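This report refers to the structure that appears directly beneath it.
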Amino acid sequence: MMDAFSVEDFPVGDWERVLRINLTAPFYLTKLILMNMKQKAWGRIINISSVGGYAGFELRSAYCASKHGLHGLTKVVALETLSTGITCNAICLAPVKTSLVRNVLRDVASKMGVSEEDVEKQLLESACPSGKYVETYQVAEMAAFLCSPAADQITGAEMCVDAGYSAR
């Protein structure tokens, strides 16, 4: 959920909606599944996050705050489940070309009075140093890896599939 508003113009209801979807929902889901995972002595919690979880983006206060919070939740759950067979990690993405991103491009372009193409070019230059969007299959492959035995000792990590963003 990415609404484009300055902090002073951000509608409180929209702020709360973004936090409910991006932070509160993962908390509730994690809370609901932990007992069953502990009984089985195995589980994988993978939170889908964003480069917005370790950076700030203009007009994206609720989104960035929710993703920063999700990183904190990921680390706390990882610490609370050490030695249980459960891991908790976040996959931090650069923009993935989805309908959500297309809608955001349109919204930002409208609010800034520029073309969608200009916003997309700026997005790719600023958030995707490789010049390409992350592909959905790349996200799925990272999630599959985090569920594999090779990732048994990876917990509390922010795994970046970010087109080189974190290398800056």
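Labeling convention for the structure tokens: chains A, B, ... as they appear, residues from 1 per chain, ligands from 1 in order of appearance.
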
List every residue of segment 76-155 of chain A that has an atom at most 8 Å from any atom of segment 3-22 of chain A, and for each one report the closest atom pair and its distance in Å to one decimal, counting only C-alpha atoms, with rows sorted by chain and then by increasing residue number, as CSV.
```
residue,atom,partner,partner_atom,distance
A:Val104,CA,A:Asp3,CA,7.3
A:Asp107,CA,A:Ala4,CA,6.9
A:Val108,CA,A:Ala4,CA,6.2
A:Lys111,CA,A:Ala4,CA,7.9
```

Would you save the residues from that selection as a PDB file, in the first residue's frame, using all heavy atoms?
```pdb
ATOM      1  N   VAL A 104       0.907   3.467  -8.384  1.00  0.00           N
ATOM      2  CA  VAL A 104       1.698   4.465  -7.668  1.00  0.00           C
ATOM      3  C   VAL A 104       2.340   5.436  -8.650  1.00  0.00           C
ATOM      4  O   VAL A 104       2.333   6.652  -8.426  1.00  0.00           O
ATOM      5  CB  VAL A 104       2.763   3.798  -6.769  1.00  0.00           C
ATOM      6  CG1 VAL A 104       3.758   4.823  -6.246  1.00  0.00           C
ATOM      7  CG2 VAL A 104       2.094   3.078  -5.613  1.00  0.00           C
ATOM      8  N   ASP A 107      -0.280   7.820  -9.668  1.00  0.00           N
ATOM      9  CA  ASP A 107      -0.643   8.716  -8.570  1.00  0.00           C
ATOM     10  C   ASP A 107       0.422   9.787  -8.352  1.00  0.00           C
ATOM     11  O   ASP A 107       0.116  10.972  -8.219  1.00  0.00           O
ATOM     12  CB  ASP A 107      -0.868   7.894  -7.297  1.00  0.00           C
ATOM     13  CG  ASP A 107      -1.460   8.696  -6.155  1.00  0.00           C
ATOM     14  OD1 ASP A 107      -2.259   9.619  -6.425  1.00  0.00           O
ATOM     15  OD2 ASP A 107      -1.134   8.387  -4.993  1.00  0.00           O
ATOM     16  N   VAL A 108       1.680   9.364  -8.303  1.00  0.00           N
ATOM     17  CA  VAL A 108       2.775  10.314  -8.086  1.00  0.00           C
ATOM     18  C   VAL A 108       2.862  11.286  -9.253  1.00  0.00           C
ATOM     19  O   VAL A 108       3.027  12.498  -9.059  1.00  0.00           O
ATOM     20  CB  VAL A 108       4.112   9.583  -7.858  1.00  0.00           C
ATOM     21  CG1 VAL A 108       5.286  10.556  -7.858  1.00  0.00           C
ATOM     22  CG2 VAL A 108       4.073   8.805  -6.546  1.00  0.00           C
ATOM     23  N   LYS A 111       0.142  13.869  -8.893  1.00  0.00           N
ATOM     24  CA  LYS A 111       0.393  14.820  -7.798  1.00  0.00           C
ATOM     25  C   LYS A 111       1.557  15.764  -8.106  1.00  0.00           C
ATOM     26  O   LYS A 111       1.565  16.901  -7.650  1.00  0.00           O
ATOM     27  CB  LYS A 111       0.656  14.067  -6.506  1.00  0.00           C
ATOM     28  CG  LYS A 111      -0.618  13.498  -5.902  1.00  0.00           C
ATOM     29  CD  LYS A 111      -0.366  12.879  -4.558  1.00  0.00           C
ATOM     30  CE  LYS A 111      -1.633  12.651  -3.791  1.00  0.00           C
ATOM     31  NZ  LYS A 111      -2.481  11.617  -4.156  1.00  0.00           N
TER      32      LYS A 111
END
```

Discussion item. At a cut-off of 12 Å, using only C-alpha atoms, what residues contact segment 63-70 of chain A? Leave out same-chain residues fewer than 2 positions from it and give the result as a PyMOL selection string.
Written reply: chain A and resi 1-7+10+14-27+30+46-61+72-77+88-93+104+156-158

Item to complete: Taking the DSSP assignment computed from this structure's backbone, write out as a ChimeraX atom specification all residues of segment 15-137 of chain A that belong to alpha helix (DSSP H).
Response: /A:15-19,25-40,61-80,99-112,116-127,136-137

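The space separating atom CA of Val96 of chain A from atom CA of Thr136 of chain A comes to 6.8 Å.
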
Practice prompt. Select, from A:Leu34, A:Ala41, A:Val134, A:Met142, the residue with the minimum atom-to-atom distance to Ser83 of chain A, counting only C-alpha atoms.
Written response: A:Ala41
